[in-house]
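Data file: protein_4.cif. Format and content: mmCIF, N, CA and C atoms.
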data_work
loop_
_atom_site.group_PDB
_atom_site.id
_atom_site.type_symbol
_atom_site.label_atom_id
_atom_site.label_comp_id
_atom_site.auth_asym_id
_atom_site.auth_seq_id
_atom_site.Cartn_x
_atom_site.Cartn_y
_atom_site.Cartn_z
ATOM 1 N N MET U 1 0.817 -1.188 0.000
ATOM 2 C CA MET U 1 0.000 0.000 0.000
ATOM 3 C C MET U 1 0.860 1.250 0.000
ATOM 4 N N LYS U 2 1.938 1.224 0.749
ATOM 5 C CA LYS U 2 2.786 2.409 0.832
ATOM 6 C C LYS U 2 3.594 2.618 -0.446
ATOM 7 N N GLN U 3 3.843 1.545 -1.186
ATOM 8 C CA GLN U 3 4.561 1.686 -2.453
ATOM 9 C C GLN U 3 3.689 2.390 -3.489
ATOM 10 N N ARG U 4 2.375 2.160 -3.431
ATOM 11 C CA ARG U 4 1.457 2.795 -4.377
ATOM 12 C C ARG U 4 1.140 4.238 -3.990
ATOM 13 N N ASP U 5 1.147 4.542 -2.697
ATOM 14 C CA ASP U 5 0.793 5.879 -2.221
ATOM 15 C C ASP U 5 1.788 6.300 -1.142
ATOM 16 N N ALA U 6 2.656 7.218 -1.481
ATOM 17 C CA ALA U 6 3.702 7.652 -0.549
ATOM 18 C C ALA U 6 3.135 8.387 0.658
ATOM 19 N N PHE U 7 1.935 8.946 0.546
ATOM 20 C CA PHE U 7 1.338 9.701 1.640
ATOM 21 C C PHE U 7 0.458 8.838 2.542
ATOM 22 N N ASN U 8 0.422 7.561 2.308
ATOM 23 C CA ASN U 8 -0.385 6.642 3.113
ATOM 24 C C ASN U 8 0.279 6.464 4.481
ATOM 25 N N ALA U 9 -0.456 6.735 5.536
ATOM 26 C CA ALA U 9 0.091 6.652 6.898
ATOM 27 C C ALA U 9 -0.329 5.364 7.605
ATOM 28 N N THR U 10 -0.856 4.393 6.876
ATOM 29 C CA THR U 10 -1.326 3.147 7.474
ATOM 30 C C THR U 10 -0.150 2.298 7.938
ATOM 31 N N THR U 11 -0.278 1.733 9.144
ATOM 32 C CA THR U 11 0.732 0.807 9.656
ATOM 33 C C THR U 11 0.101 -0.574 9.792
ATOM 34 N N ILE U 12 0.916 -1.573 10.037
ATOM 35 C CA ILE U 12 0.404 -2.931 10.215
ATOM 36 C C ILE U 12 -0.490 -3.001 11.445
ATOM 37 N N LYS U 13 -0.198 -2.211 12.456
ATOM 38 C CA LYS U 13 -1.016 -2.164 13.664
ATOM 39 C C LYS U 13 -2.428 -1.665 13.337
ATOM 40 N N THR U 14 -2.546 -0.680 12.449
ATOM 41 C CA THR U 14 -3.851 -0.169 12.033
ATOM 42 C C THR U 14 -4.654 -1.250 11.333
ATOM 43 N N ILE U 15 -4.000 -2.015 10.498
ATOM 44 C CA ILE U 15 -4.670 -3.104 9.773
ATOM 45 C C ILE U 15 -5.119 -4.179 10.744
ATOM 46 N N TYR U 16 -4.259 -4.565 11.680
ATOM 47 C CA TYR U 16 -4.630 -5.580 12.674
ATOM 48 C C TYR U 16 -5.800 -5.101 13.537
ATOM 49 N N ASN U 17 -5.798 -3.830 13.934
ATOM 50 C CA ASN U 17 -6.897 -3.293 14.735
ATOM 51 C C ASN U 17 -8.210 -3.311 13.966
ATOM 52 N N ALA U 18 -8.183 -2.957 12.688
ATOM 53 C CA ALA U 18 -9.393 -2.981 11.865
ATOM 54 C C ALA U 18 -9.901 -4.408 11.703
ATOM 55 N N HIS U 19 -8.987 -5.348 11.522
ATOM 56 C CA HIS U 19 -9.365 -6.759 11.395
ATOM 57 C C HIS U 19 -10.012 -7.253 12.682
ATOM 58 N N HIS U 20 -9.446 -6.884 13.818
ATOM 59 C CA HIS U 20 -9.989 -7.288 15.114
ATOM 60 C C HIS U 20 -11.384 -6.696 15.326
ATOM 61 N N ARG U 21 -11.569 -5.413 15.012
ATOM 62 C CA ARG U 21 -12.885 -4.784 15.157
ATOM 63 C C ARG U 21 -13.919 -5.476 14.277
ATOM 64 N N HIS U 22 -13.533 -5.840 13.067
ATOM 65 C CA HIS U 22 -14.442 -6.536 12.157
ATOM 66 C C HIS U 22 -14.871 -7.885 12.743
ATOM 67 N N ARG U 23 -13.927 -8.629 13.314
ATOM 68 C CA ARG U 23 -14.251 -9.923 13.915
ATOM 69 C C ARG U 23 -15.172 -9.778 15.118
ATOM 70 N N VAL U 24 -14.950 -8.755 15.928
ATOM 71 C CA VAL U 24 -15.798 -8.525 17.103
ATOM 72 C C VAL U 24 -17.221 -8.205 16.664
ATOM 73 N N VAL U 25 -17.377 -7.372 15.657
ATOM 74 C CA VAL U 25 -18.705 -7.029 15.156
ATOM 75 C C VAL U 25 -19.372 -8.257 14.546
ATOM 76 N N GLN U 26 -18.595 -9.052 13.831
ATOM 77 C CA GLN U 26 -19.141 -10.251 13.185
ATOM 78 C C GLN U 26 -19.636 -11.256 14.225
ATOM 79 N N ARG U 27 -18.913 -11.399 15.336
ATOM 80 C CA ARG U 27 -19.326 -12.353 16.373
ATOM 81 C C ARG U 27 -20.521 -11.878 17.166
ATOM 82 N N ALA U 28 -20.740 -10.601 17.276
ATOM 83 C CA ALA U 28 -21.888 -10.004 17.971
ATOM 84 C C ALA U 28 -22.047 -10.518 19.399
ATOM 85 N N GLY U 29 -20.956 -10.612 20.141
ATOM 86 C CA GLY U 29 -21.024 -11.004 21.538
ATOM 87 C C GLY U 29 -21.125 -12.493 21.793
ATOM 88 N N ARG U 30 -21.027 -13.310 20.763
ATOM 89 C CA ARG U 30 -21.103 -14.765 20.946
ATOM 90 C C ARG U 30 -19.717 -15.330 21.212
ATOM 91 N N SER U 31 -19.675 -16.466 21.874
ATOM 92 C CA SER U 31 -18.407 -17.126 22.137
ATOM 93 C C SER U 31 -17.900 -17.778 20.853
ATOM 94 N N GLN U 32 -16.674 -18.258 20.873
ATOM 95 C CA GLN U 32 -16.115 -18.919 19.693
ATOM 96 C C GLN U 32 -16.914 -20.167 19.333
ATOM 97 N N MET U 33 -17.356 -20.913 20.332
ATOM 98 C CA MET U 33 -18.134 -22.125 20.064
ATOM 99 C C MET U 33 -19.495 -21.770 19.468
ATOM 100 N N GLN U 34 -20.144 -20.751 20.000
ATOM 101 C CA GLN U 34 -21.427 -20.326 19.447
ATOM 102 C C GLN U 34 -21.264 -19.839 18.009
ATOM 103 N N GLN U 35 -20.189 -19.136 17.746
ATOM 104 C CA GLN U 35 -19.918 -18.655 16.391
ATOM 105 C C GLN U 35 -19.692 -19.832 15.441
ATOM 106 N N LEU U 36 -18.933 -20.818 15.885
ATOM 107 C CA LEU U 36 -18.679 -21.999 15.061
ATOM 108 C C LEU U 36 -19.966 -22.739 14.735
ATOM 109 N N LEU U 37 -20.777 -23.012 15.741
ATOM 110 C CA LEU U 37 -22.026 -23.736 15.521
ATOM 111 C C LEU U 37 -22.974 -22.938 14.625
ATOM 112 N N GLY U 38 -22.979 -21.627 14.774
ATOM 113 C CA GLY U 38 -23.811 -20.788 13.918
ATOM 114 C C GLY U 38 -23.362 -20.828 12.462
ATOM 115 N N GLN U 39 -22.054 -20.774 12.247
ATOM 116 C CA GLN U 39 -21.535 -20.832 10.878
ATOM 117 C C GLN U 39 -21.773 -22.200 10.245
ATOM 118 N N LEU U 40 -21.672 -23.264 11.037
ATOM 119 C CA LEU U 40 -21.963 -24.598 10.507
ATOM 120 C C LEU U 40 -23.418 -24.694 10.070
ATOM 121 N N ALA U 41 -24.321 -24.100 10.837
ATOM 122 C CA ALA U 41 -25.743 -24.119 10.474
ATOM 123 C C ALA U 41 -25.995 -23.304 9.207
ATOM 124 N N ILE U 42 -25.350 -22.151 9.094
ATOM 125 C CA ILE U 42 -25.532 -21.304 7.911
ATOM 126 C C ILE U 42 -25.051 -22.016 6.651
ATOM 127 N N GLN U 43 -23.931 -22.736 6.759
ATOM 128 C CA GLN U 43 -23.341 -23.406 5.602
ATOM 129 C C GLN U 43 -23.948 -24.792 5.344
ATOM 130 N N ASN U 44 -24.980 -25.172 6.104
ATOM 131 C CA ASN U 44 -25.694 -26.454 5.947
ATOM 132 C C ASN U 44 -24.815 -27.675 6.214
ATOM 133 N N TYR U 45 -23.869 -27.541 7.120
ATOM 134 C CA TYR U 45 -23.072 -28.692 7.529
ATOM 135 C C TYR U 45 -23.902 -29.575 8.444
ATOM 136 N N VAL U 46 -23.625 -30.862 8.435
ATOM 137 C CA VAL U 46 -24.227 -31.773 9.399
ATOM 138 C C VAL U 46 -23.379 -31.682 10.651
ATOM 139 N N GLU U 47 -24.000 -31.439 11.781
ATOM 140 C CA GLU U 47 -23.257 -31.171 13.007
ATOM 141 C C GLU U 47 -23.871 -31.947 14.155
ATOM 142 N N CYS U 48 -23.012 -32.454 15.032
ATOM 143 C CA CYS U 48 -23.462 -33.145 16.229
ATOM 144 C C CYS U 48 -22.457 -32.835 17.337
ATOM 145 N N HIS U 49 -22.953 -32.483 18.511
ATOM 146 C CA HIS U 49 -22.055 -32.234 19.638
ATOM 147 C C HIS U 49 -22.716 -32.733 20.917
ATOM 148 N N ARG U 50 -21.870 -33.042 21.896
ATOM 149 C CA ARG U 50 -22.345 -33.492 23.208
ATOM 150 C C ARG U 50 -21.667 -32.673 24.283
ATOM 151 N N CYS U 51 -22.392 -32.487 25.386
ATOM 152 C CA CYS U 51 -21.871 -31.753 26.536
ATOM 153 C C CYS U 51 -21.892 -32.650 27.763
ATOM 154 N N ASP U 52 -21.027 -32.356 28.710
ATOM 155 C CA ASP U 52 -21.044 -33.096 29.969
ATOM 156 C C ASP U 52 -21.975 -32.395 30.952
ATOM 157 N N ASP U 53 -21.925 -32.799 32.217
ATOM 158 C CA ASP U 53 -22.819 -32.245 33.248
ATOM 159 C C ASP U 53 -22.576 -30.762 33.510
ATOM 160 N N ARG U 54 -21.348 -30.312 33.278
ATOM 161 C CA ARG U 54 -21.007 -28.910 33.529
ATOM 162 C C ARG U 54 -21.179 -28.037 32.287
ATOM 163 N N GLU U 55 -21.889 -28.536 31.278
ATOM 164 C CA GLU U 55 -22.123 -27.818 30.019
ATOM 165 C C GLU U 55 -20.825 -27.538 29.261
ATOM 166 N N MET U 56 -19.838 -28.420 29.422
ATOM 167 C CA MET U 56 -18.593 -28.326 28.659
ATOM 168 C C MET U 56 -18.699 -29.257 27.468
ATOM 169 N N GLU U 57 -18.252 -28.782 26.304
ATOM 170 C CA GLU U 57 -18.281 -29.614 25.104
ATOM 171 C C GLU U 57 -17.316 -30.785 25.268
ATOM 172 N N THR U 58 -17.806 -31.989 25.040
ATOM 173 C CA THR U 58 -16.945 -33.159 25.116
ATOM 174 C C THR U 58 -16.663 -33.733 23.732
ATOM 175 N N ASP U 59 -17.642 -33.687 22.845
ATOM 176 C CA ASP U 59 -17.485 -34.222 21.501
ATOM 177 C C ASP U 59 -18.081 -33.246 20.503
ATOM 178 N N LEU U 60 -17.422 -33.128 19.367
ATOM 179 C CA LEU U 60 -17.928 -32.276 18.306
ATOM 180 C C LEU U 60 -17.606 -32.934 16.975
ATOM 181 N N PHE U 61 -18.624 -33.069 16.132
ATOM 182 C CA PHE U 61 -18.452 -33.668 14.813
ATOM 183 C C PHE U 61 -19.201 -32.808 13.815
ATOM 184 N N TRP U 62 -18.548 -32.558 12.663
ATOM 185 C CA TRP U 62 -19.277 -31.923 11.570
ATOM 186 C C TRP U 62 -18.755 -32.470 10.256
ATOM 187 N N ALA U 63 -19.628 -32.433 9.252
ATOM 188 C CA ALA U 63 -19.278 -32.951 7.934
ATOM 189 C C ALA U 63 -19.990 -32.122 6.873
ATOM 190 N N HIS U 64 -19.293 -31.904 5.781
ATOM 191 C CA HIS U 64 -19.872 -31.184 4.648
ATOM 192 C C HIS U 64 -20.880 -32.096 3.952
ATOM 193 N N PRO U 65 -21.995 -31.567 3.469
ATOM 194 C CA PRO U 65 -23.009 -32.403 2.823
ATOM 195 C C PRO U 65 -22.477 -33.222 1.650
ATOM 196 N N ILE U 66 -21.554 -32.671 0.875
ATOM 197 C CA ILE U 66 -20.979 -33.434 -0.249
ATOM 198 C C ILE U 66 -20.153 -34.599 0.270
ATOM 199 N N SER U 67 -19.473 -34.410 1.385
ATOM 200 C CA SER U 67 -18.702 -35.509 1.977
ATOM 201 C C SER U 67 -19.618 -36.652 2.384
ATOM 202 N N LEU U 68 -20.804 -36.329 2.882
ATOM 203 C CA LEU U 68 -21.754 -37.376 3.254
ATOM 204 C C LEU U 68 -22.272 -38.115 2.022
ATOM 205 N N GLU U 69 -22.477 -37.385 0.911
ATOM 206 C CA GLU U 69 -22.880 -38.045 -0.328
ATOM 207 C C GLU U 69 -21.793 -39.004 -0.803
ATOM 208 N N LEU U 70 -20.535 -38.587 -0.700
ATOM 209 C CA LEU U 70 -19.423 -39.457 -1.074
ATOM 210 C C LEU U 70 -19.349 -40.673 -0.153
ATOM 211 N N LEU U 71 -19.615 -40.484 1.131
ATOM 212 C CA LEU U 71 -19.602 -41.595 2.075
ATOM 213 C C LEU U 71 -20.692 -42.606 1.733
ATOM 214 N N ARG U 72 -21.853 -42.112 1.343
ATOM 215 C CA ARG U 72 -22.931 -43.021 0.942
ATOM 216 C C ARG U 72 -22.569 -43.773 -0.338
ATOM 217 N N ALA U 73 -21.859 -43.125 -1.256
ATOM 218 C CA ALA U 73 -21.472 -43.766 -2.516
ATOM 219 C C ALA U 73 -20.337 -44.766 -2.319
ATOM 220 N N PHE U 74 -19.421 -44.446 -1.413
ATOM 221 C CA PHE U 74 -18.248 -45.298 -1.163
ATOM 222 C C PHE U 74 -18.147 -45.582 0.334
ATOM 223 N N PRO U 75 -18.992 -46.464 0.874
ATOM 224 C CA PRO U 75 -19.055 -46.648 2.335
ATOM 225 C C PRO U 75 -17.855 -47.376 2.937
ATOM 226 N N HIS U 76 -16.976 -47.937 2.119
ATOM 227 C CA HIS U 76 -15.856 -48.699 2.669
ATOM 228 C C HIS U 76 -14.605 -47.850 2.854
ATOM 229 N N VAL U 77 -14.660 -46.596 2.452
ATOM 230 C CA VAL U 77 -13.520 -45.703 2.589
ATOM 231 C C VAL U 77 -13.935 -44.535 3.466
ATOM 232 N N LEU U 78 -13.258 -44.385 4.591
ATOM 233 C CA LEU U 78 -13.568 -43.297 5.505
ATOM 234 C C LEU U 78 -12.271 -42.760 6.088
ATOM 235 N N ILE U 79 -12.057 -41.472 5.943
ATOM 236 C CA ILE U 79 -10.871 -40.817 6.483
ATOM 237 C C ILE U 79 -11.344 -39.753 7.454
ATOM 238 N N MET U 80 -10.817 -39.789 8.666
ATOM 239 C CA MET U 80 -11.186 -38.786 9.668
ATOM 240 C C MET U 80 -9.928 -38.062 10.122
ATOM 241 N N ASP U 81 -10.052 -36.775 10.277
ATOM 242 C CA ASP U 81 -8.967 -35.962 10.806
ATOM 243 C C ASP U 81 -9.297 -35.647 12.250
ATOM 244 N N CYS U 82 -8.578 -36.247 13.168
ATOM 245 C CA CYS U 82 -8.853 -36.073 14.589
ATOM 246 C C CYS U 82 -7.730 -35.321 15.290
ATOM 247 N N THR U 83 -7.181 -34.343 14.599
ATOM 248 C CA THR U 83 -6.089 -33.568 15.195
ATOM 249 C C THR U 83 -6.649 -32.584 16.213
ATOM 250 N N TYR U 84 -5.821 -32.226 17.126
ATOM 251 C CA TYR U 84 -6.211 -31.305 18.193
ATOM 252 C C TYR U 84 -5.014 -30.447 18.530
ATOM 253 N N LYS U 85 -5.171 -29.140 18.502
ATOM 254 C CA LYS U 85 -4.068 -28.241 18.796
ATOM 255 C C LYS U 85 -3.894 -28.108 20.304
ATOM 256 N N THR U 86 -3.085 -28.954 20.875
ATOM 257 C CA THR U 86 -2.909 -28.932 22.327
ATOM 258 C C THR U 86 -2.160 -27.695 22.779
ATOM 259 N N ASN U 87 -1.325 -27.107 21.915
ATOM 260 C CA ASN U 87 -0.581 -25.936 22.334
ATOM 261 C C ASN U 87 -1.437 -24.675 22.391
ATOM 262 N N ARG U 88 -2.618 -24.689 21.767
ATOM 263 C CA ARG U 88 -3.502 -23.528 21.812
ATOM 264 C C ARG U 88 -4.300 -23.496 23.107
ATOM 265 N N TYR U 89 -4.666 -24.640 23.637
ATOM 266 C CA TYR U 89 -5.504 -24.704 24.829
ATOM 267 C C TYR U 89 -4.655 -25.144 25.980
#
What would you get if you wrote out this structure as structure tokens?
Amino acid sequence: MKQRDAFNATTIKTIYNAHHRHRVVQRAGRSQMQQLLGQLAIQNYVECHRCDDREMETDLFWAHPISLELLRAFPHVLIMDCTYKTNRY
């Protein structure tokens, strides 16, 4: 941006702040889990989750509708990605 306009006073911090404000407005006060479940519903994903007694998520599964069609067509091949970012939590 600065190469195209020498008078541009934008810094990377300004861009990060604008990105953060956009995400906050997009979430509208919902938690990350609520946002995820809402986006899965909007995109018509098949979703299933379970909670324990303390209302903590214990299991979460989602699948794209096309993936389910492929599973029905080829039921003997199933690949699941069960990775978990332990360093984030």
Please run DSSP on the backbone and report, as a PyMOL selection string, all residues within chain U that come out as alpha helix (DSSP H). chain U and resi 12-27+32-42+65-73
Those of segment 16-61 of chain U in DSSP strand (DSSP E), formatted as a ChimeraX atom specification: /U:46-51,57-61
So how many Å separate atom CA of Arg50 of chain U and atom CA of Leu68 of chain U, to one decimal?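 The value is 20.3 Å.
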7 Å contact set for Leu60 of chain U, only N, CA and C atoms, chain neighbours under 6 positions out, as a PDB file with N, CA and C atoms, in the frame of the given file:
ATOM      1  N   GLU U  47     -24.000 -31.439  11.781  1.00  0.00           N
ATOM      2  CA  GLU U  47     -23.257 -31.171  13.007  1.00  0.00           C
ATOM      3  C   GLU U  47     -23.871 -31.947  14.155  1.00  0.00           C
ATOM      4  N   CYS U  48     -23.012 -32.454  15.032  1.00  0.00           N
ATOM      5  CA  CYS U  48     -23.462 -33.145  16.229  1.00  0.00           C
ATOM      6  C   CYS U  48     -22.457 -32.835  17.337  1.00  0.00           C
ATOM      7  N   HIS U  49     -22.953 -32.483  18.511  1.00  0.00           N
ATOM      8  CA  HIS U  49     -22.055 -32.234  19.638  1.00  0.00           C
ATOM      9  C   HIS U  49     -22.716 -32.733  20.917  1.00  0.00           C
ATOM     10  N   ARG U  50     -21.870 -33.042  21.896  1.00  0.00           N
ATOM     11  CA  ARG U  50     -22.345 -33.492  23.208  1.00  0.00           C
ATOM     12  C   ARG U  50     -21.667 -32.673  24.283  1.00  0.00           C
TER      13      ARG U  50
END
What is the atom N of Glu69 of chain U to atom C of Ser31 of chain U distance in Å?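 Answer for the atom N of Glu69 of chain U to atom C of Ser31 of chain U separation: 28.3 Å.
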Would you mind reading off the distance between atom C of Arg4 of chain U and atom N of Asn17 of chain U, one decimal, in Å?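 Pair atom C of Arg4 of chain U / atom N of Asn17 of chain U returns 20.8 Å.
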What do you get, as a PDB file with N, CA and C atoms, in the coordinates of the input, if you spell out every residue that the PyMOL selection byres ((chain U and resi 65) around 6) selects here?
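Saved as expr_3.pdb:
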ATOM      1  N   ASN U  44     -24.980 -25.172   6.104  1.00  0.00           N
ATOM      2  CA  ASN U  44     -25.694 -26.454   5.947  1.00  0.00           C
ATOM      3  C   ASN U  44     -24.815 -27.675   6.214  1.00  0.00           C
ATOM      4  N   TYR U  45     -23.869 -27.541   7.120  1.00  0.00           N
ATOM      5  CA  TYR U  45     -23.072 -28.692   7.529  1.00  0.00           C
ATOM      6  C   TYR U  45     -23.902 -29.575   8.444  1.00  0.00           C
ATOM      7  N   VAL U  46     -23.625 -30.862   8.435  1.00  0.00           N
ATOM      8  CA  VAL U  46     -24.227 -31.773   9.399  1.00  0.00           C
ATOM      9  C   VAL U  46     -23.379 -31.682  10.651  1.00  0.00           C
ATOM     10  N   ALA U  63     -19.628 -32.433   9.252  1.00  0.00           N
ATOM     11  CA  ALA U  63     -19.278 -32.951   7.934  1.00  0.00           C
ATOM     12  C   ALA U  63     -19.990 -32.122   6.873  1.00  0.00           C
ATOM     13  N   HIS U  64     -19.293 -31.904   5.781  1.00  0.00           N
ATOM     14  CA  HIS U  64     -19.872 -31.184   4.648  1.00  0.00           C
ATOM     15  C   HIS U  64     -20.880 -32.096   3.952  1.00  0.00           C
ATOM     16  N   ILE U  66     -21.554 -32.671   0.875  1.00  0.00           N
ATOM     17  CA  ILE U  66     -20.979 -33.434  -0.249  1.00  0.00           C
ATOM     18  C   ILE U  66     -20.153 -34.599   0.270  1.00  0.00           C
ATOM     19  N   SER U  67     -19.473 -34.410   1.385  1.00  0.00           N
ATOM     20  CA  SER U  67     -18.702 -35.509   1.977  1.00  0.00           C
ATOM     21  C   SER U  67     -19.618 -36.652   2.384  1.00  0.00           C
ATOM     22  N   LEU U  68     -20.804 -36.329   2.882  1.00  0.00           N
ATOM     23  CA  LEU U  68     -21.754 -37.376   3.254  1.00  0.00           C
ATOM     24  C   LEU U  68     -22.272 -38.115   2.022  1.00  0.00           C
ATOM     25  N   GLU U  69     -22.477 -37.385   0.911  1.00  0.00           N
ATOM     26  CA  GLU U  69     -22.880 -38.045  -0.328  1.00  0.00           C
ATOM     27  C   GLU U  69     -21.793 -39.004  -0.803  1.00  0.00           C
TER      28      GLU U  69
END
How about completing segment 33-45 of chain U with N, CA, C and O atoms and giving it to me as a compact mmCIF listing (two decimals), in the coordinates of the input?
# COMPACT_ATOMS: atom_id res chain seq x y z
N MET U 33 -17.36 -20.91 20.33
CA MET U 33 -18.13 -22.12 20.06
C MET U 33 -19.50 -21.77 19.47
O MET U 33 -19.95 -22.42 18.52
N GLN U 34 -20.14 -20.75 20.00
CA GLN U 34 -21.43 -20.33 19.45
C GLN U 34 -21.26 -19.84 18.01
O GLN U 34 -22.10 -20.12 17.15
N GLN U 35 -20.19 -19.14 17.75
CA GLN U 35 -19.92 -18.66 16.39
C GLN U 35 -19.69 -19.83 15.44
O GLN U 35 -20.22 -19.85 14.32
N LEU U 36 -18.93 -20.82 15.88
CA LEU U 36 -18.68 -22.00 15.06
C LEU U 36 -19.97 -22.74 14.74
O LEU U 36 -20.25 -23.05 13.58
N LEU U 37 -20.78 -23.01 15.74
CA LEU U 37 -22.03 -23.74 15.52
C LEU U 37 -22.97 -22.94 14.62
O LEU U 37 -23.67 -23.51 13.78
N GLY U 38 -22.98 -21.63 14.77
CA GLY U 38 -23.81 -20.79 13.92
C GLY U 38 -23.36 -20.83 12.46
O GLY U 38 -24.18 -20.93 11.55
N GLN U 39 -22.05 -20.77 12.25
CA GLN U 39 -21.54 -20.83 10.88
C GLN U 39 -21.77 -22.20 10.24
O GLN U 39 -22.05 -22.29 9.05
N LEU U 40 -21.67 -23.26 11.04
CA LEU U 40 -21.96 -24.60 10.51
C LEU U 40 -23.42 -24.69 10.07
O LEU U 40 -23.72 -25.29 9.03
N ALA U 41 -24.32 -24.10 10.84
CA ALA U 41 -25.74 -24.12 10.47
C ALA U 41 -26.00 -23.30 9.21
O ALA U 41 -26.75 -23.73 8.32
N ILE U 42 -25.35 -22.15 9.09
CA ILE U 42 -25.53 -21.30 7.91
C ILE U 42 -25.05 -22.02 6.65
O ILE U 42 -25.68 -21.95 5.59
N GLN U 43 -23.93 -22.74 6.76
CA GLN U 43 -23.34 -23.41 5.60
C GLN U 43 -23.95 -24.79 5.34
O GLN U 43 -23.46 -25.52 4.49
N ASN U 44 -24.98 -25.17 6.10
CA ASN U 44 -25.69 -26.45 5.95
C ASN U 44 -24.82 -27.68 6.21
O ASN U 44 -24.99 -28.72 5.60
N TYR U 45 -23.87 -27.54 7.12
CA TYR U 45 -23.07 -28.69 7.53
C TYR U 45 -23.90 -29.58 8.44
O TYR U 45 -24.77 -29.09 9.17
